[in-house]
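*Asks:* Supplied structure: input-v8.cif, mmCIF, N, CA and C atoms.
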```cif
data_my_file
#
loop_
_atom_site.label_atom_id
_atom_site.label_comp_id
_atom_site.auth_asym_id
_atom_site.auth_seq_id
_atom_site.Cartn_x
_atom_site.Cartn_y
_atom_site.Cartn_z
N MET A 901 0.20 3.02 21.12
CA MET A 901 1.20 3.26 20.09
C MET A 901 0.49 3.20 18.73
N SER A 902 0.69 4.23 17.95
CA SER A 902 0.03 4.28 16.65
C SER A 902 0.99 3.78 15.57
N VAL A 903 0.45 3.01 14.67
CA VAL A 903 1.24 2.45 13.57
C VAL A 903 0.86 3.20 12.30
N PRO A 904 1.83 3.77 11.58
CA PRO A 904 1.50 4.48 10.35
C PRO A 904 0.95 3.55 9.28
N LEU A 905 0.06 4.07 8.48
CA LEU A 905 -0.48 3.29 7.37
C LEU A 905 0.61 3.01 6.35
N PRO A 906 0.61 1.85 5.74
CA PRO A 906 1.61 1.58 4.71
C PRO A 906 1.40 2.50 3.52
N LEU A 907 2.49 2.84 2.86
CA LEU A 907 2.42 3.73 1.71
C LEU A 907 1.64 3.12 0.55
N SER A 908 1.52 1.81 0.53
CA SER A 908 0.83 1.15 -0.58
C SER A 908 -0.69 1.29 -0.49
N ALA A 909 -1.19 1.81 0.64
CA ALA A 909 -2.64 1.96 0.80
C ALA A 909 -2.98 3.40 1.17
N PRO A 910 -2.84 4.31 0.22
CA PRO A 910 -3.15 5.71 0.53
C PRO A 910 -4.64 5.91 0.76
N THR A 911 -4.98 6.86 1.59
CA THR A 911 -6.38 7.19 1.83
C THR A 911 -6.88 8.12 0.73
N PRO A 912 -8.19 8.16 0.52
CA PRO A 912 -8.71 9.12 -0.47
C PRO A 912 -8.31 10.55 -0.13
N GLU A 913 -8.29 10.88 1.15
CA GLU A 913 -7.92 12.24 1.57
C GLU A 913 -6.47 12.56 1.20
N ALA A 914 -5.58 11.58 1.38
CA ALA A 914 -4.17 11.78 1.06
C ALA A 914 -3.98 11.98 -0.45
N VAL A 915 -4.70 11.19 -1.25
CA VAL A 915 -4.61 11.33 -2.70
C VAL A 915 -5.19 12.68 -3.13
N GLN A 916 -6.31 13.08 -2.51
CA GLN A 916 -6.91 14.38 -2.83
C GLN A 916 -5.94 15.51 -2.51
N ALA A 917 -5.26 15.43 -1.37
CA ALA A 917 -4.30 16.48 -0.99
C ALA A 917 -3.15 16.52 -1.99
N GLU A 918 -2.68 15.36 -2.40
CA GLU A 918 -1.59 15.31 -3.38
C GLU A 918 -2.03 15.86 -4.74
N LEU A 919 -3.26 15.55 -5.12
CA LEU A 919 -3.79 16.07 -6.38
C LEU A 919 -3.95 17.59 -6.33
N THR A 920 -4.44 18.10 -5.21
CA THR A 920 -4.59 19.55 -5.05
C THR A 920 -3.24 20.23 -5.19
N ALA A 921 -2.21 19.64 -4.59
CA ALA A 921 -0.85 20.18 -4.71
C ALA A 921 -0.35 20.08 -6.15
N LEU A 922 -0.64 18.97 -6.82
CA LEU A 922 -0.23 18.78 -8.21
C LEU A 922 -0.88 19.84 -9.10
N PHE A 923 -2.18 20.09 -8.89
CA PHE A 923 -2.86 21.12 -9.68
C PHE A 923 -2.19 22.47 -9.48
N ALA A 924 -1.88 22.82 -8.25
CA ALA A 924 -1.28 24.13 -7.96
C ALA A 924 0.14 24.22 -8.53
N ARG A 925 0.94 23.20 -8.29
CA ARG A 925 2.35 23.22 -8.66
C ARG A 925 2.57 23.03 -10.17
N ASP A 926 1.92 22.04 -10.74
CA ASP A 926 2.22 21.65 -12.12
C ASP A 926 1.28 22.27 -13.16
N LEU A 927 0.06 22.60 -12.75
CA LEU A 927 -0.92 23.11 -13.71
C LEU A 927 -1.29 24.57 -13.43
N SER A 928 -0.75 25.13 -12.35
CA SER A 928 -1.07 26.51 -11.94
C SER A 928 -2.57 26.73 -11.79
N VAL A 929 -3.24 25.75 -11.18
CA VAL A 929 -4.69 25.80 -10.96
C VAL A 929 -4.96 25.66 -9.47
N GLN A 930 -5.66 26.63 -8.91
CA GLN A 930 -6.05 26.56 -7.51
C GLN A 930 -7.42 25.88 -7.42
N VAL A 931 -7.50 24.84 -6.59
CA VAL A 931 -8.74 24.09 -6.41
C VAL A 931 -9.23 24.33 -4.98
N PRO A 932 -10.35 25.06 -4.82
CA PRO A 932 -10.84 25.41 -3.48
C PRO A 932 -11.24 24.23 -2.62
N SER A 933 -11.82 23.18 -3.22
CA SER A 933 -12.23 22.00 -2.44
C SER A 933 -12.20 20.77 -3.34
N PRO A 934 -12.14 19.59 -2.75
CA PRO A 934 -12.11 18.36 -3.55
C PRO A 934 -13.35 18.18 -4.42
N GLU A 935 -14.47 18.82 -4.05
CA GLU A 935 -15.71 18.65 -4.81
C GLU A 935 -15.90 19.72 -5.89
N THR A 936 -15.00 20.70 -5.96
CA THR A 936 -15.12 21.75 -6.98
C THR A 936 -15.18 21.13 -8.37
N ASP A 937 -16.17 21.53 -9.16
CA ASP A 937 -16.29 21.02 -10.53
C ASP A 937 -15.24 21.72 -11.39
N LEU A 938 -14.22 20.99 -11.76
CA LEU A 938 -13.09 21.55 -12.50
C LEU A 938 -13.47 21.97 -13.92
N LEU A 939 -14.47 21.34 -14.48
CA LEU A 939 -14.87 21.63 -15.85
C LEU A 939 -15.82 22.82 -15.90
N GLU A 940 -16.88 22.79 -15.09
CA GLU A 940 -17.84 23.89 -15.10
C GLU A 940 -17.24 25.21 -14.66
N THR A 941 -16.25 25.15 -13.76
CA THR A 941 -15.62 26.39 -13.28
C THR A 941 -14.51 26.87 -14.21
N GLY A 942 -14.22 26.08 -15.26
CA GLY A 942 -13.19 26.48 -16.21
C GLY A 942 -11.77 26.27 -15.71
N ARG A 943 -11.61 25.57 -14.60
CA ARG A 943 -10.27 25.32 -14.07
C ARG A 943 -9.51 24.30 -14.91
N LEU A 944 -10.25 23.44 -15.60
CA LEU A 944 -9.62 22.41 -16.41
C LEU A 944 -10.23 22.46 -17.82
N ASP A 945 -9.39 22.81 -18.80
CA ASP A 945 -9.83 22.83 -20.19
C ASP A 945 -9.17 21.68 -20.93
N SER A 946 -9.30 21.63 -22.24
CA SER A 946 -8.77 20.48 -22.99
C SER A 946 -7.25 20.38 -22.89
N VAL A 947 -6.56 21.51 -22.93
CA VAL A 947 -5.09 21.49 -22.79
C VAL A 947 -4.71 21.04 -21.38
N GLY A 948 -5.42 21.56 -20.39
CA GLY A 948 -5.17 21.17 -19.01
C GLY A 948 -5.43 19.70 -18.77
N MET A 949 -6.46 19.16 -19.44
CA MET A 949 -6.78 17.74 -19.30
C MET A 949 -5.64 16.87 -19.82
N VAL A 950 -5.09 17.22 -20.96
CA VAL A 950 -3.96 16.46 -21.51
C VAL A 950 -2.77 16.53 -20.56
N GLU A 951 -2.48 17.71 -20.05
CA GLU A 951 -1.37 17.87 -19.11
C GLU A 951 -1.64 17.07 -17.83
N LEU A 952 -2.88 17.09 -17.36
CA LEU A 952 -3.23 16.32 -16.17
C LEU A 952 -3.00 14.83 -16.40
N LEU A 953 -3.41 14.32 -17.55
CA LEU A 953 -3.22 12.89 -17.84
C LEU A 953 -1.75 12.52 -17.83
N VAL A 954 -0.90 13.40 -18.37
CA VAL A 954 0.55 13.16 -18.35
C VAL A 954 1.05 13.12 -16.91
N ARG A 955 0.62 14.08 -16.11
CA ARG A 955 1.06 14.14 -14.70
C ARG A 955 0.56 12.94 -13.90
N LEU A 956 -0.65 12.50 -14.15
CA LEU A 956 -1.17 11.33 -13.43
C LEU A 956 -0.37 10.08 -13.75
N GLU A 957 0.02 9.96 -15.01
CA GLU A 957 0.83 8.80 -15.39
C GLU A 957 2.20 8.87 -14.72
N GLU A 958 2.81 10.06 -14.73
CA GLU A 958 4.14 10.23 -14.12
C GLU A 958 4.10 9.97 -12.61
N ARG A 959 3.11 10.55 -11.93
CA ARG A 959 3.09 10.49 -10.47
C ARG A 959 2.48 9.21 -9.93
N PHE A 960 1.37 8.76 -10.53
CA PHE A 960 0.63 7.64 -9.96
C PHE A 960 0.70 6.37 -10.80
N GLY A 961 1.33 6.44 -11.98
CA GLY A 961 1.41 5.27 -12.83
C GLY A 961 0.09 4.91 -13.48
N VAL A 962 -0.83 5.88 -13.54
CA VAL A 962 -2.16 5.67 -14.11
C VAL A 962 -2.14 6.15 -15.55
N ARG A 963 -2.40 5.24 -16.47
CA ARG A 963 -2.41 5.61 -17.89
C ARG A 963 -3.84 5.52 -18.40
N VAL A 964 -4.28 6.58 -19.04
CA VAL A 964 -5.64 6.63 -19.57
C VAL A 964 -5.56 6.90 -21.06
N GLU A 965 -6.06 5.98 -21.84
CA GLU A 965 -6.12 6.19 -23.28
C GLU A 965 -7.29 7.13 -23.56
N ILE A 966 -7.08 8.08 -24.46
CA ILE A 966 -8.11 9.08 -24.75
C ILE A 966 -9.44 8.42 -25.13
N GLU A 967 -9.39 7.37 -25.91
CA GLU A 967 -10.65 6.73 -26.33
C GLU A 967 -11.38 6.05 -25.17
N ASN A 968 -10.70 5.81 -24.06
CA ASN A 968 -11.32 5.19 -22.89
C ASN A 968 -11.63 6.20 -21.79
N LEU A 969 -11.40 7.47 -22.06
CA LEU A 969 -11.56 8.49 -21.05
C LEU A 969 -13.04 8.73 -20.73
N GLU A 970 -13.37 8.64 -19.46
CA GLU A 970 -14.72 8.94 -18.98
C GLU A 970 -14.62 10.28 -18.26
N ILE A 971 -15.17 11.33 -18.85
CA ILE A 971 -14.98 12.68 -18.34
C ILE A 971 -15.47 12.84 -16.90
N GLU A 972 -16.48 12.10 -16.51
CA GLU A 972 -17.00 12.21 -15.14
C GLU A 972 -15.95 11.83 -14.10
N GLN A 973 -15.00 10.98 -14.48
CA GLN A 973 -13.93 10.57 -13.56
C GLN A 973 -12.93 11.69 -13.32
N PHE A 974 -13.02 12.78 -14.08
CA PHE A 974 -12.06 13.87 -13.99
C PHE A 974 -12.74 15.21 -13.68
N ARG A 975 -13.99 15.16 -13.25
CA ARG A 975 -14.77 16.37 -13.00
C ARG A 975 -14.32 17.09 -11.74
N SER A 976 -13.78 16.38 -10.75
CA SER A 976 -13.35 17.00 -9.49
C SER A 976 -12.13 16.25 -8.96
N VAL A 977 -11.46 16.89 -8.01
CA VAL A 977 -10.31 16.24 -7.36
C VAL A 977 -10.77 14.96 -6.66
N ALA A 978 -11.95 15.01 -6.02
CA ALA A 978 -12.48 13.82 -5.34
C ALA A 978 -12.70 12.68 -6.34
N ALA A 979 -13.25 13.00 -7.53
CA ALA A 979 -13.50 11.98 -8.55
C ALA A 979 -12.19 11.42 -9.09
N ILE A 980 -11.20 12.29 -9.29
CA ILE A 980 -9.90 11.83 -9.79
C ILE A 980 -9.24 10.93 -8.76
N ALA A 981 -9.34 11.29 -7.49
CA ALA A 981 -8.75 10.45 -6.42
C ALA A 981 -9.39 9.07 -6.41
N THR A 982 -10.71 9.02 -6.53
CA THR A 982 -11.43 7.74 -6.57
C THR A 982 -10.95 6.91 -7.76
N PHE A 983 -10.79 7.55 -8.90
CA PHE A 983 -10.30 6.88 -10.11
C PHE A 983 -8.90 6.32 -9.89
N ILE A 984 -8.01 7.12 -9.32
CA ILE A 984 -6.63 6.68 -9.08
C ILE A 984 -6.60 5.50 -8.12
N LEU A 985 -7.36 5.59 -7.05
CA LEU A 985 -7.39 4.48 -6.08
C LEU A 985 -7.94 3.21 -6.70
N ALA A 986 -8.96 3.32 -7.54
CA ALA A 986 -9.51 2.14 -8.22
C ALA A 986 -8.47 1.53 -9.14
N GLN A 987 -7.75 2.38 -9.88
CA GLN A 987 -6.70 1.89 -10.78
C GLN A 987 -5.60 1.20 -9.99
N SER A 988 -5.18 1.80 -8.90
CA SER A 988 -4.06 1.25 -8.14
C SER A 988 -4.46 0.00 -7.37
N ASN A 989 -5.77 -0.23 -7.19
CA ASN A 989 -6.23 -1.45 -6.54
C ASN A 989 -6.43 -2.58 -7.53
N GLY A 990 -6.01 -2.35 -8.78
CA GLY A 990 -6.03 -3.43 -9.76
C GLY A 990 -7.34 -3.59 -10.51
N HIS A 991 -8.24 -2.61 -10.39
CA HIS A 991 -9.51 -2.73 -11.09
C HIS A 991 -9.36 -2.52 -12.59
N ALA A 992 -8.24 -1.94 -13.01
CA ALA A 992 -8.00 -1.75 -14.44
C ALA A 992 -6.55 -1.32 -14.65
N GLY A 993 -5.63 -2.02 -14.03
CA GLY A 993 -4.22 -1.66 -14.06
C GLY A 993 -3.80 -0.77 -15.20
N ARG A 994 -3.99 -1.21 -16.39
CA ARG A 994 -3.79 -0.38 -17.58
C ARG A 994 -5.13 -0.22 -18.25
N ALA A 995 -5.27 0.83 -18.95
CA ALA A 995 -6.54 1.08 -19.64
C ALA A 995 -6.86 -0.09 -20.56
N THR A 996 -8.13 -0.38 -20.68
CA THR A 996 -8.54 -1.47 -21.54
C THR A 996 -8.05 -1.30 -22.96
N GLN A 997 -7.76 -2.42 -23.58
CA GLN A 997 -7.16 -2.33 -24.91
C GLN A 997 -8.14 -2.63 -25.99
#
```
Would you give me this structure, written as structure tokens?
*Replies:*
Amino acid sequence: MSVPLPLSAPTPEAVQAELTALFARDLSVQVPSPETDLLETGRLDSVGMVELLVRLEERFGVRVEIENLEIEQFRSVAAIATFILAQSNGHAGRATQ
């Protein structure tokens, strides 16, 4: 008998899938793979980054202050998923003040 994982502990793959759907639905951006470089490929520009930050806060409760933004954490869906999971595990609940 298999027991489903609790919703409070999402896998990186589940977060990546949700992010890929968010990009397509909310940002009209198709992401071919979790490792696709969103910046070098032009899929994410400055306006898209601001919109992404708003969506991440709405969906995942992750708030990132612009002055604390580390661009490498947003270079790919895989990197964003890692960032979200770290935030949700209490490594930086809210951005440093």
*Asks:* Given the point (-14.7, 23.1, -8.9) in the coordinates of this file, which residues lie within 12 Å, counting only C-alpha atoms, and how would they look as a list in words?
*Replies:*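 Within 12 Å of (-14.7, 23.1, -8.9), the protein and nucleic acid residues are Thr920, Val929, Gln930, Val931, Pro932, Ser933, Pro934, Glu935, Thr936, Asp937, Leu938, Leu939, Glu940, Thr941, Gly942, Arg943, Leu944, Phe974, Arg975, Ser976, Val977, Ala978 and Ala979 of chain A.
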*Asks:* Taking (-3.1, 12.0, -18.8) in the file's coordinates, which residues come within 8 Å, counting all atoms listed in the file, written as a PyMOL selection string?
*Replies:* chain A and resi 949-958+962-966
*Asks:* Write a file of the just-selected residues containing N, CA and C atoms, as a CSV table (one decimal), in the coordinates of the input.
*Replies:*
```
chain,number,residue,atom,x,y,z
A,949,MET,N,-6.5,19.2,-19.4
A,949,MET,CA,-6.8,17.7,-19.3
A,949,MET,C,-5.6,16.9,-19.8
A,950,VAL,N,-5.1,17.2,-21.0
A,950,VAL,CA,-4.0,16.5,-21.5
A,950,VAL,C,-2.8,16.5,-20.6
A,951,GLU,N,-2.5,17.7,-20.0
A,951,GLU,CA,-1.4,17.9,-19.1
A,951,GLU,C,-1.6,17.1,-17.8
A,952,LEU,N,-2.9,17.1,-17.4
A,952,LEU,CA,-3.2,16.3,-16.2
A,952,LEU,C,-3.0,14.8,-16.4
A,953,LEU,N,-3.4,14.3,-17.6
A,953,LEU,CA,-3.2,12.9,-17.8
A,953,LEU,C,-1.8,12.5,-17.8
A,954,VAL,N,-0.9,13.4,-18.4
A,954,VAL,CA,0.6,13.2,-18.4
A,954,VAL,C,1.0,13.1,-16.9
A,955,ARG,N,0.6,14.1,-16.1
A,955,ARG,CA,1.1,14.1,-14.7
A,955,ARG,C,0.6,12.9,-13.9
A,956,LEU,N,-0.6,12.5,-14.2
A,956,LEU,CA,-1.2,11.3,-13.4
A,956,LEU,C,-0.4,10.1,-13.8
A,957,GLU,N,0.0,10.0,-15.0
A,957,GLU,CA,0.8,8.8,-15.4
A,957,GLU,C,2.2,8.9,-14.7
A,958,GLU,N,2.8,10.1,-14.7
A,958,GLU,CA,4.1,10.2,-14.1
A,958,GLU,C,4.1,10.0,-12.6
A,962,VAL,N,-0.8,5.9,-13.5
A,962,VAL,CA,-2.2,5.7,-14.1
A,962,VAL,C,-2.1,6.2,-15.6
A,963,ARG,N,-2.4,5.2,-16.5
A,963,ARG,CA,-2.4,5.6,-17.9
A,963,ARG,C,-3.8,5.5,-18.4
A,964,VAL,N,-4.3,6.6,-19.0
A,964,VAL,CA,-5.6,6.6,-19.6
A,964,VAL,C,-5.6,6.9,-21.1
A,965,GLU,N,-6.1,6.0,-21.8
A,965,GLU,CA,-6.1,6.2,-23.3
A,965,GLU,C,-7.3,7.1,-23.6
A,966,ILE,N,-7.1,8.1,-24.5
A,966,ILE,CA,-8.1,9.1,-24.8
A,966,ILE,C,-9.4,8.4,-25.1
```
*Asks:* So how many Å separate CA of Arg959 (chain A) and CA of Ser946 (chain A), to one decimal?
*Replies:*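 Here the two named atoms are 19.9 Å from each other.
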*Asks:* Got a sec to resolve the PyMOL selection byres ((chain A and resi 915) around 8) on this structure and send the residues as an NGL selection string?
*Replies:* :A and (910-914 or 916-921 or 977-978 or 980-982 or 985)
*Asks:* Just to confirm, what's the straight-line distance from atom N of Asp945 (chain A) to atom N of Asn989 (chain A) in Å (one decimal)?
*Replies:*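 Going from atom N of Asp945 (chain A) over to atom N of Asn989 (chain A), I get 26.1 Å.
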*Asks:* Rounded to one decimal place, report the CA of Gly948 (chain A)-atom C of Asp926 (chain A) distance in Å.
*Replies:* 8.8 Å
*Asks:* Per DSSP on the backbone, filter chain A down to the residues in alpha helix (DSSP H) and report them as a ChimeraX atom specification.
*Replies:* /A:912-926,946-960,977-988
*Asks:* Could you work out an axis-aligned bounding box for all listed atoms of region 959-962 of chain A, with 6 Å added on each of the six sides, and give its centre and edge lengths in Å to one decimal, as AutoDock Vina command-line options?
*Replies:*
```
--center_x 0.5 --center_y 7.7 --center_z -12.7 --size_x 17.3 --size_y 17.6 --size_z 17.6
```
*Asks:* From the set A:Leu969, A:Ser928, A:Phe923, A:Gly961, which residue has the shortest atom-to-atom contact distance to Ile984 (chain A), counting only C-alpha atoms?
*Replies:* A:Gly961
